[in-house]
Amino acid sequence: MPTKSTSGEEKGMSENKVDASHTIWTDAQAYTLAVICLLLGVVGGWLIRGSQPPAGSPVATASAPVPNGTGGAMNNQPSAEQLRQMADAQAAPLIEKLKSDPKNPDLLVSTGNSYYDAQQYPVAVDYYGRALEIKPSDASVRTDMATAYWYMGDADRAIAEFNKALSYEPNKANTLFNLGLVKWRGKMDVNGAVADWEKLLATNPNYAGKDKVEQLIAEAKKHAGIKPGTKAQPLAR
């Protein structure tokens, strides 16, 4: 399943991130949300944020709910409403700053990130969209917005936004990675997915998640009955 993105070549401590030193958030809240996002990401999928640095292997972010079981720490995760309240608390100082600086793309993106990480994808999309009105060529933010659309159940809109991000940065690794996942898992387009991943590896030879990408290519080709070693044919544009 897909993950997220946001400005600067591979996010990590994204260039779009605004200093959160004034964020009114307790340590307990921050810790809880971080743990939950990690758990959800591990269970939910592999999508990565467009501005995350590909350190080690692809890093997943919040995606799908953890299944309810009969016990275990994961059953004590915050509810959707609690996550929303935590996102509201984190975003509050940023939103306050936006009142006097509504066209600040960094503030808009950081606010969107707060809601994305709490799985409030429609709200995240709104802030990302406002930032992109100011900086439409920011491929990382557009990748994050596309990934949010995927989690909202709109694979077609996600693919359209990934492609638009690639029109600005044709070889952006995280965008190609996520686009391949959405094509495969959202549209059953194995050839398209493999072509994107092969392009990723060809244009980013030092990509830290190379092993994961090669694993995905092998799995996709196996499912589609494509002979190992065969290059996928790019889709006609």
# chains A, B, ... in the order shown; residues from 1 in each chain; ligands from 1
$ residues_around --residues "Leu200 in chain A" --least-positions-apart "6" --cutoff "7 Å" --atoms "only C-alpha atoms" --output "MDAnalysis selection string"
chainID A and resid 171 173 176
$ residues_around --residues "range 79-83 of chain A" --least-positions-apart "3" --cutoff "7 Å" --atoms "only C-alpha atoms" --output "list in words"
Met86, Ala87 and Ala118 of chain A
$ atom_distance --atom1 "CA of Gly180 in chain A" --atom2 "CA of Leu107 in chain A"
29.6 Å
$ closest_residue --among "A:Ser114, A:Pro93, A:Asn204, A:Leu108" --to "Tyr128 in chain A" --atoms "only C-alpha atoms"
A:Leu108
$ closest_residue --among "A:Gly112, A:Gly186, A:Pro136, A:Pro205" --to "Gly153 in chain A" --atoms "only C-alpha atoms"
A:Gly186
$ atom_distance --atom1 "CA of Leu179 in chain A" --atom2 "CA of Asn163 in chain A"
8.0 Å
$ closest_residue --among "A:Lys164, A:Arg185, A:Lys103, A:Arg157" --to "Ser137 in chain A" --atoms "only C-alpha atoms"
A:Lys164
$ atom_distance --atom1 "CA of Ala218 in chain A" --atom2 "CA of Asn191 in chain A"
11.9 Å
$ closest_residue --among "A:Ala224, A:Met188, A:Val109, A:Ala202" --to "Ala155 in chain A" --atoms "only C-alpha atoms"
A:Met188
$ select_by_dssp --residues "range 111-218 of chain A" --states "alpha helix (DSSP H)" --output "ChimeraX atom specification"
/A:111-117,121-134,139-151,155-168,173-187,190-203,210-218
